[in-house]
$ cat target-v1.txt   # compact mmCIF, C-alpha atoms and all ligand atoms
# COMPACT_ATOMS: atom_id res chain seq x y z
CA MET R 1 65.52 18.37 75.43
CA PRO R 2 63.44 20.41 77.85
CA GLY R 3 65.00 23.68 78.97
CA ALA R 4 63.93 26.76 80.86
CA VAL R 5 60.68 28.25 79.57
CA GLU R 6 60.91 31.21 77.20
CA THR R 7 57.29 32.32 77.36
CA LEU R 8 54.96 32.76 80.32
CA PRO R 9 51.24 33.29 79.77
CA ILE R 10 49.54 35.73 82.16
CA LEU R 11 45.83 34.86 82.14
CA THR R 12 43.12 37.53 82.23
CA TYR R 13 39.76 37.02 83.90
CA HIS R 14 37.08 39.50 84.94
CA SER R 15 33.81 38.11 86.33
CA ILE R 16 33.27 34.40 87.06
CA SER R 17 29.52 34.26 86.57
CA ASN R 18 26.76 33.36 84.16
CA GLU R 19 26.24 37.00 83.19
CA PRO R 20 26.24 37.72 79.43
CA GLY R 21 29.17 39.38 77.68
CA PRO R 22 32.88 38.77 77.10
CA THR R 23 33.88 39.80 80.63
CA SER R 24 32.07 36.90 82.27
CA ILE R 25 33.14 33.27 82.26
CA ALA R 26 30.79 30.65 83.72
CA PRO R 27 31.94 29.13 87.05
CA GLU R 28 32.01 25.58 85.66
CA ILE R 29 34.17 26.68 82.71
CA PHE R 30 36.54 28.51 85.05
CA ARG R 31 36.80 25.44 87.28
CA ALA R 32 37.50 23.21 84.27
CA GLN R 33 40.16 25.61 82.93
CA MET R 34 41.90 25.56 86.32
CA GLU R 35 41.68 21.77 86.59
CA GLU R 36 43.26 21.46 83.13
CA ILE R 37 46.22 23.50 84.40
CA ALA R 38 46.64 21.10 87.33
CA ALA R 39 46.17 18.00 85.13
CA ALA R 40 48.74 19.25 82.59
CA GLY R 41 51.36 19.67 85.33
CA VAL R 42 51.62 23.39 84.55
CA ASP R 43 52.88 25.55 87.42
CA VAL R 44 51.16 28.75 88.56
CA VAL R 45 53.27 31.61 89.92
CA SER R 46 52.55 35.03 91.41
CA LEU R 47 53.23 38.32 89.61
CA ASP R 48 56.16 38.85 92.02
CA GLU R 49 57.68 35.72 90.53
CA VAL R 50 56.85 36.91 87.00
CA ALA R 51 58.71 40.16 87.75
CA CYS R 52 61.77 38.18 88.91
CA TRP R 53 61.59 36.01 85.79
CA VAL R 54 61.39 39.00 83.43
CA ALA R 55 64.37 40.51 85.27
CA GLY R 56 66.36 37.31 84.74
CA GLN R 57 66.44 36.50 88.46
CA ALA R 58 64.31 33.35 88.24
CA SER R 59 63.81 30.63 85.68
CA PHE R 60 61.16 27.96 85.30
CA GLU R 61 61.88 24.50 83.97
CA ARG R 62 58.35 23.64 82.88
CA ARG R 63 55.30 25.41 81.47
CA THR R 64 54.28 28.16 83.91
CA VAL R 65 51.39 30.61 83.98
CA ALA R 66 50.18 33.47 86.20
CA ILE R 67 46.51 34.26 86.87
CA THR R 68 44.93 37.74 87.08
CA PHE R 69 41.43 39.13 87.57
CA ASP R 70 40.46 42.68 86.61
CA ASP R 71 37.77 44.71 88.43
CA ALA R 72 37.48 42.83 91.80
CA PHE R 73 33.96 41.57 91.13
CA SER R 74 32.16 39.97 94.09
CA ASP R 75 31.95 36.65 92.30
CA PHE R 76 35.73 36.28 92.69
CA ALA R 77 35.19 35.45 96.37
CA GLY R 78 32.46 32.86 95.86
CA ALA R 79 33.24 31.33 92.45
CA ALA R 80 36.97 31.75 91.78
CA PHE R 81 38.76 31.79 95.13
CA PRO R 82 37.56 28.36 96.38
CA VAL R 83 38.90 26.73 93.19
CA LEU R 84 42.21 28.62 93.38
CA GLU R 85 42.60 27.78 97.07
CA ARG R 86 41.88 24.08 96.54
CA LEU R 87 44.48 23.88 93.74
CA LYS R 88 46.92 26.17 95.64
CA PHE R 89 47.12 28.58 92.67
CA PRO R 90 48.26 32.14 93.46
CA ALA R 91 46.34 34.97 91.79
CA THR R 92 46.26 38.76 91.58
CA VAL R 93 43.07 40.83 91.58
CA PHE R 94 43.19 44.39 90.17
CA VAL R 95 40.95 46.76 92.12
CA PRO R 96 39.44 50.12 91.08
CA THR R 97 39.74 51.38 94.65
CA ALA R 98 37.07 54.11 94.64
CA ILE R 99 34.39 51.64 93.47
CA VAL R 100 35.07 48.98 96.14
CA GLY R 101 31.79 47.95 97.79
CA GLY R 102 29.79 49.38 94.88
CA ALA R 103 28.91 48.11 91.42
CA GLU R 104 30.50 48.55 88.01
CA ASN R 105 29.64 52.04 86.76
CA TRP R 106 32.19 52.63 84.04
CA ILE R 107 31.91 52.89 80.27
CA GLY R 108 31.40 49.39 78.95
CA ALA R 109 29.85 48.04 82.16
CA ASN R 110 27.20 45.33 81.84
CA ASP R 111 23.59 46.58 81.80
CA ASN R 112 22.95 44.42 84.83
CA ALA R 113 25.76 46.01 86.86
CA ARG R 114 27.86 43.40 88.64
CA LYS R 115 28.87 44.09 92.24
CA LEU R 116 32.42 44.57 93.41
CA MET R 117 33.84 43.12 96.63
CA ASP R 118 33.97 45.38 99.67
CA TRP R 119 37.09 46.12 101.74
CA GLU R 120 36.20 43.52 104.34
CA GLU R 121 36.12 40.75 101.72
CA ILE R 122 39.28 42.04 100.04
CA GLY R 123 41.08 42.18 103.41
CA ALA R 124 40.02 38.62 104.28
CA LEU R 125 41.19 37.30 100.90
CA ALA R 126 44.50 39.16 101.21
CA ARG R 127 45.07 37.44 104.55
CA ARG R 128 44.43 34.11 102.80
CA GLY R 129 47.08 34.79 100.17
CA VAL R 130 45.34 36.59 97.31
CA ALA R 131 47.46 39.45 95.90
CA PHE R 132 45.73 42.74 95.12
CA GLY R 133 46.97 45.29 92.61
CA SER R 134 45.65 48.63 91.41
CA HIS R 135 43.20 49.14 88.55
CA THR R 136 43.12 52.93 89.19
CA LYS R 137 40.65 54.63 91.53
CA SER R 138 37.68 55.14 89.21
CA HIS R 139 38.32 52.70 86.33
CA ALA R 140 39.23 55.66 84.14
CA ASP R 141 40.60 55.45 80.62
CA LEU R 142 44.02 56.84 81.50
CA THR R 143 44.72 58.04 77.97
CA GLY R 144 42.03 60.72 78.42
CA LEU R 145 43.46 62.31 81.59
CA ASP R 146 45.80 65.24 82.10
CA GLY R 147 48.96 64.95 84.18
CA ALA R 148 47.49 65.75 87.60
CA GLU R 149 44.44 63.52 87.14
CA LEU R 150 46.61 60.72 85.84
CA ASP R 151 48.92 61.00 88.82
CA GLU R 152 45.99 60.95 91.23
CA GLU R 153 44.48 57.79 89.67
CA LEU R 154 47.84 56.05 89.91
CA SER R 155 49.10 57.17 93.31
CA ALA R 156 45.90 57.34 95.38
CA SER R 157 44.81 53.82 94.40
CA ARG R 158 48.13 52.30 95.41
CA LYS R 159 48.17 54.26 98.68
CA GLU R 160 44.69 53.13 99.60
CA LEU R 161 45.41 49.46 98.84
CA GLU R 162 48.59 49.55 100.91
CA ALA R 163 46.95 51.37 103.82
CA ARG R 164 43.97 49.02 103.92
CA LEU R 165 45.85 45.76 103.38
CA ALA R 166 49.11 46.64 105.14
CA ARG R 167 51.21 45.12 102.37
CA PRO R 168 52.94 46.41 99.23
CA ALA R 169 50.84 46.79 96.06
CA PRO R 170 53.46 47.26 93.31
CA HIS R 171 51.40 45.85 90.42
CA PHE R 172 49.01 47.63 88.08
CA ALA R 173 46.57 47.00 85.22
CA PRO R 174 45.21 50.00 83.25
CA PRO R 175 41.43 49.90 82.67
CA TYR R 176 40.49 48.70 79.17
CA GLY R 177 44.18 47.91 78.76
CA ARG R 178 44.46 51.44 77.40
CA SER R 179 47.75 53.27 77.64
CA ASN R 180 50.13 55.31 75.53
CA GLU R 181 53.74 56.26 76.02
CA ALA R 182 52.99 59.07 78.48
CA VAL R 183 50.62 56.85 80.48
CA ARG R 184 53.10 53.98 80.53
CA SER R 185 55.91 56.16 81.80
CA ALA R 186 53.60 57.56 84.51
CA ILE R 187 52.62 54.00 85.47
CA MET R 188 56.28 53.06 85.82
CA ARG R 189 56.89 56.00 88.16
CA HIS R 190 54.36 54.44 90.56
CA TYR R 191 54.53 50.69 89.93
CA SER R 192 57.13 48.01 89.22
CA LEU R 193 54.97 45.87 86.92
CA SER R 194 51.94 46.53 84.71
CA VAL R 195 49.85 44.19 82.56
CA GLY R 196 47.89 45.19 79.46
CA VAL R 197 45.59 43.43 77.02
CA ARG R 198 47.98 42.84 74.11
CA LEU R 199 47.17 39.22 73.28
CA ASP R 200 50.37 37.20 73.73
CA GLU R 201 52.46 35.21 76.15
CA ALA R 202 54.97 37.26 78.16
CA ARG R 203 58.65 36.93 77.37
CA ARG R 204 61.77 38.14 79.14
CA SER R 205 62.02 40.74 76.38
CA SER R 206 58.45 42.02 77.08
CA PRO R 207 58.23 45.50 78.62
CA ILE R 208 57.63 45.16 82.37
CA GLY R 209 55.36 48.21 82.14
CA ASP R 210 53.09 46.64 79.53
CA LEU R 211 53.20 42.85 79.76
CA PRO R 212 50.88 41.06 77.33
CA ARG R 213 48.16 38.75 78.63
CA ILE R 214 45.96 35.88 77.47
CA GLU R 215 42.22 36.71 77.46
CA MET R 216 40.58 33.57 78.84
CA PHE R 217 37.26 34.26 77.12
CA TYR R 218 38.97 32.84 74.00
CA TYR R 219 39.67 29.57 75.78
CA ARG R 220 36.23 28.49 76.91
CA ASP R 221 36.66 25.48 74.62
CA LEU R 222 38.67 23.03 76.73
CA GLY R 223 40.25 21.30 73.75
CA GLN R 224 41.64 24.64 72.63
CA TRP R 225 42.79 25.35 76.19
CA ARG R 226 44.54 21.97 76.50
CA ALA R 227 46.36 22.63 73.23
CA PHE R 228 47.45 26.03 74.51
CA LEU R 229 48.77 24.54 77.75
CA ASP R 230 50.67 21.90 75.76
CA GLY R 231 52.32 24.69 73.75
CA ARG R 232 50.34 23.76 70.60
CA GLY R 233 48.12 26.85 70.58
CA GLY R 234 50.21 29.21 68.46
CA ALA R 235 48.05 29.13 65.32
CA TYR R 236 44.80 29.70 67.23
CA LEU R 237 46.35 32.58 69.18
CA GLN R 238 47.43 34.18 65.91
CA ILE R 239 43.90 33.87 64.52
CA ARG R 240 42.43 35.51 67.63
CA ARG R 241 44.99 38.28 67.44
CA ALA R 242 44.26 38.92 63.78
CA ALA R 243 40.48 38.94 64.38
CA ARG R 244 40.96 41.43 67.19
CA GLY R 245 43.13 43.64 64.99
CA VAL R 246 40.39 43.72 62.34
CA ARG R 247 37.75 44.65 64.93
CA GLU R 248 39.93 47.46 66.25
CA THR R 249 40.58 48.79 62.77
CA LEU R 250 36.86 48.73 62.02
CA SER R 251 35.91 50.46 65.25
CA GLY R 252 38.84 52.84 65.05
CA MET R 253 39.48 52.47 68.76
CA THR R 254 39.72 49.86 71.47
CA ARG R 255 37.26 51.43 73.88
CA GLN R 256 34.60 48.96 72.66
CA ARG R 257 36.49 46.25 74.44
CA HIS R 258 34.80 46.16 77.78
CA TYR R 259 37.75 45.71 80.07
ZN ZN R 301 38.56 46.77 84.25

$ encode --input "target-v1.txt" --output "structure tokens" --more "lines below"
Ligand SMILES: [Zn+2]
Amino acid sequence: MPGAVETLPILTYHSISNEPGPTSIAPEIFRAQMEEIAAAGVDVVSLDEVACWVAGQASFERRTVAITFDDAFSDFAGAAFPVLERLKFPATVFVPTAIVGGAENWIGANDNARKLMDWEEIGALARRGVAFGSHTKSHADLTGLDGAELDEELSASRKELEARLARPAPHFAPPYGRSNEAVRSAIMRHYSLSVGVRLDEARRSSPIGDLPRIEMFYYRDLGQWRAFLDGRGGAYLQIRRAARGVRETLSGMTRQRHY
């Protein structure tokens, strides 16, 4: 008997382009992934709705996902937004506010630096329903900052988003998904919801300051993606998680992940 959903995948994208590397997904793959969501009758909700669900104030009767994009790359406007708009899927884009209008310049950036949207484009998309959250000011690894620097990255980026877009920006994603207990408690002083890169579906028991997400680079194969949407993807997800754990153990750190 179908009941209310107990898990809610929050999808992670970065660039929708043909650039090399794990932070780019080709436009035709992105479009096909989105069309599979529509064809499977899966609902897409905003992060505001995810926050209500985690708090027990909303429930969903059928498979539901949320969609996020880190880094605010320019290709969001041309390659992702038209697909999202056509399918009426809400999405949140996490913006490193001091790099808006520039190009990626952080550790782990592609050699061929991809451009970020400018404030005019971000403002226009916000007026058309796209939600924008903070991804710090400078795309810093927050675990390497002292208290004052950490506070500045968290507070100034939210203030700038809210001043420019004239709407609340209560959601956050730490660059590289990197945080520790001190960082997470600082994040929660400034934001009501934060998403990381722990590979899992969100649950009501998940910490609202470090919700897991599903890296969509692992689901470029549409058969695998269909199985995931049908709720048959548990074994594959476990394999990906284990492979990632091995890589992190080998490298001794997660900085190599280019988020
Ligand atoms: Zn990022």

$ closest_residue --input "target-v1.txt" --among "R:Asp71, R:Glu28, R:Glu248, R:Asp210" --to "ligand ZN 301 (chain R)" --atoms "only C-alpha atoms and all ligand atoms"
R:Asp71

$ closest_atom_pairs --input "target-v1.txt" --of "chain R" --to "ligand ZN 301 (chain R)" --cutoff "7 Å" --atoms "all atoms listed in the file" --output "tab-separated table"
residue	atom	partner	partner_atom	distance
R:Asp70	CA	R:ZN301	ZN	5.1
R:Asp71	CA	R:ZN301	ZN	4.7
R:His135	CA	R:ZN301	ZN	6.8
R:His139	CA	R:ZN301	ZN	6.3
R:Pro175	CA	R:ZN301	ZN	4.5
R:Tyr176	CA	R:ZN301	ZN	5.8
R:Tyr259	CA	R:ZN301	ZN	4.4

$ closest_residue --input "target-v1.txt" --among "R:Val130, R:Ile208, R:Ala98, R:Leu229" --to "Glu160 in chain R" --atoms "all atoms listed in the file"
R:Ala98

$ atom_distance --input "target-v1.txt" --atom1 "CA of Gln33 in chain R" --atom2 "CA of Ile239 in chain R"
20.5 Å

$ atom_distance --input "target-v1.txt" --atom1 "CA of Val100 in chain R" --atom2 "CA of Leu11 in chain R"
22.6 Å

$ atom_distance --input "target-v1.txt" --atom1 "CA of Ala227 in chain R" --atom2 "CA of Gly177 in chain R"
26.0 Å

$ closest_residue --input "target-v1.txt" --among "R:Arg240, R:Arg204, R:His171, R:Lys137" --to "Ala156 in chain R" --atoms "all atoms listed in the file"
R:Lys137

$ closest_residue --input "target-v1.txt" --among "R:Asp111, R:Asp75, R:Asp230, R:Glu149" --to "Ala26 in chain R" --atoms "all atoms listed in the file"
R:Asp75

$ residues_around --input "target-v1.txt" --residues "Trp106 in chain R" --least-positions-apart "2" --cutoff "9 Å" --atoms "all atoms listed in the file" --output "short mmCIF file (atom, residue, chain, number, x, y, z; two decimals) with C-alpha atoms, in the frame of the given file"
data_model
loop_
_atom_site.label_atom_id
_atom_site.label_comp_id
_atom_site.auth_asym_id
_atom_site.auth_seq_id
_atom_site.Cartn_x
_atom_site.Cartn_y
_atom_site.Cartn_z
CA GLU R 104 30.50 48.55 88.01
CA GLY R 108 31.40 49.39 78.95
CA ALA R 109 29.85 48.04 82.16
CA SER R 138 37.68 55.14 89.21
CA HIS R 139 38.32 52.70 86.33
CA ALA R 140 39.23 55.66 84.14
#

$ residues_around --input "target-v1.txt" --residues "Leu116 in chain R" --least-positions-apart "6" --cutoff "7 Å" --atoms "all atoms listed in the file" --output "JSON, numbers by chain"
{"R": [72, 73, 74, 100, 101, 102, 103, 104]}

$ closest_residue --input "target-v1.txt" --among "R:Asn180, R:Asn105, R:Gln224, R:Ser192" --to "Gly144 in chain R" --atoms "all atoms listed in the file"
R:Asn180

$ residues_around --input "target-v1.txt" --residues "Glu181 in chain R" --least-positions-apart "5" --cutoff "10 Å" --atoms "only C-alpha atoms" --output "list in words"
Thr143, Ala186 and Ile187 of chain R

$ residues_around --input "target-v1.txt" --residues "range 44-61 of chain R" --least-positions-apart "2" --cutoff "7 Å" --atoms "all atoms listed in the file" --output "JSON, numbers by chain"
{"R": [3, 4, 5, 42, 64, 65, 66, 89, 90, 91, 193, 203, 204]}

$ axis_aligned_box --input "target-v1.txt" --around "range 197-216 of chain R" --padding-each-side "8 Å" --output "JSON"
{"center_x": 51.3, "center_y": 40.9, "center_z": 77.8, "size_x": 37.4, "size_y": 30.6, "size_z": 25.1}

$ closest_residue --input "target-v1.txt" --among "R:Arg164, R:His190, R:Ala202, R:Leu87" --to "Gly123 in chain R" --atoms "all atoms listed in the file"
R:Arg164

$ build_atoms --input "target-v1.txt" --residues "range 59-81 of chain R" --atoms "N, CA and C atoms" --output "JSON list (two decimals), in the coordinates of the input"
[["chain", "number", "residue", "atom", "x", "y", "z"],
["R", 59, "SER", "N", 64.15, 31.34, 86.91],
["R", 59, "SER", "CA", 63.81, 30.63, 85.68],
["R", 59, "SER", "C", 62.92, 29.45, 86.04],
["R", 60, "PHE", "N", 62.11, 29.04, 85.07],
["R", 60, "PHE", "CA", 61.16, 27.96, 85.30],
["R", 60, "PHE", "C", 61.45, 26.85, 84.30],
["R", 61, "GLU", "N", 61.47, 25.63, 84.81],
["R", 61, "GLU", "CA", 61.88, 24.50, 83.97],
["R", 61, "GLU", "C", 60.72, 23.88, 83.22],
["R", 62, "ARG", "N", 59.48, 24.18, 83.64],
["R", 62, "ARG", "CA", 58.35, 23.64, 82.88],
["R", 62, "ARG", "C", 57.29, 24.72, 82.72],
["R", 63, "ARG", "N", 56.35, 24.44, 81.82],
["R", 63, "ARG", "CA", 55.30, 25.41, 81.47],
["R", 63, "ARG", "C", 54.74, 26.04, 82.74],
["R", 64, "THR", "N", 54.67, 27.38, 82.73],
["R", 64, "THR", "CA", 54.28, 28.16, 83.91],
["R", 64, "THR", "C", 53.35, 29.26, 83.48],
["R", 65, "VAL", "N", 52.31, 29.51, 84.26],
["R", 65, "VAL", "CA", 51.39, 30.61, 83.98],
["R", 65, "VAL", "C", 51.18, 31.44, 85.23],
["R", 66, "ALA", "N", 50.63, 32.64, 85.07],
["R", 66, "ALA", "CA", 50.18, 33.47, 86.20],
["R", 66, "ALA", "C", 48.71, 33.80, 85.93],
["R", 67, "ILE", "N", 47.96, 34.07, 87.00],
["R", 67, "ILE", "CA", 46.51, 34.26, 86.87],
["R", 67, "ILE", "C", 46.12, 35.63, 87.44],
["R", 68, "THR", "N", 45.37, 36.41, 86.63],
["R", 68, "THR", "CA", 44.93, 37.74, 87.08],
["R", 68, "THR", "C", 43.43, 37.92, 86.85],
["R", 69, "PHE", "N", 42.85, 38.78, 87.67],
["R", 69, "PHE", "CA", 41.43, 39.13, 87.57],
["R", 69, "PHE", "C", 41.33, 40.64, 87.59],
["R", 70, "ASP", "N", 40.68, 41.23, 86.61],
["R", 70, "ASP", "CA", 40.46, 42.68, 86.61],
["R", 70, "ASP", "C", 39.11, 42.98, 87.27],
["R", 71, "ASP", "N", 39.03, 44.10, 87.98],
["R", 71, "ASP", "CA", 37.77, 44.71, 88.43],
["R", 71, "ASP", "C", 37.28, 44.30, 89.82],
["R", 72, "ALA", "N", 37.83, 43.21, 90.41],
["R", 72, "ALA", "CA", 37.48, 42.83, 91.80],
["R", 72, "ALA", "C", 35.99, 42.57, 91.98],
["R", 73, "PHE", "N", 35.38, 41.90, 90.99],
["R", 73, "PHE", "CA", 33.96, 41.57, 91.13],
["R", 73, "PHE", "C", 33.73, 40.64, 92.31],
["R", 74, "SER", "N", 32.53, 40.78, 92.92],
["R", 74, "SER", "CA", 32.16, 39.97, 94.09],
["R", 74, "SER", "C", 32.25, 38.48, 93.83],
["R", 75, "ASP", "N", 31.96, 38.09, 92.57],
["R", 75, "ASP", "CA", 31.95, 36.65, 92.30],
["R", 75, "ASP", "C", 33.33, 36.03, 92.41],
["R", 76, "PHE", "N", 34.40, 36.85, 92.46],
["R", 76, "PHE", "CA", 35.73, 36.28, 92.69],
["R", 76, "PHE", "C", 35.72, 35.48, 93.99],
["R", 77, "ALA", "N", 35.15, 36.07, 95.03],
["R", 77, "ALA", "CA", 35.19, 35.45, 96.37],
["R", 77, "ALA", "C", 34.45, 34.12, 96.39],
["R", 78, "GLY", "N", 33.28, 34.06, 95.76],
["R", 78, "GLY", "CA", 32.46, 32.86, 95.86],
["R", 78, "GLY", "C", 32.75, 31.82, 94.78],
["R", 79, "ALA", "N", 33.12, 32.27, 93.57],
["R", 79, "ALA", "CA", 33.24, 31.33, 92.45],
["R", 79, "ALA", "C", 34.69, 31.03, 92.06],
["R", 80, "ALA", "N", 35.59, 31.99, 92.23],
["R", 80, "ALA", "CA", 36.97, 31.75, 91.78],
["R", 80, "ALA", "C", 37.87, 31.32, 92.94],
["R", 81, "PHE", "N", 37.80, 32.04, 94.05],
["R", 81, "PHE", "CA", 38.76, 31.79, 95.13],
["R", 81, "PHE", "C", 38.73, 30.35, 95.65]]
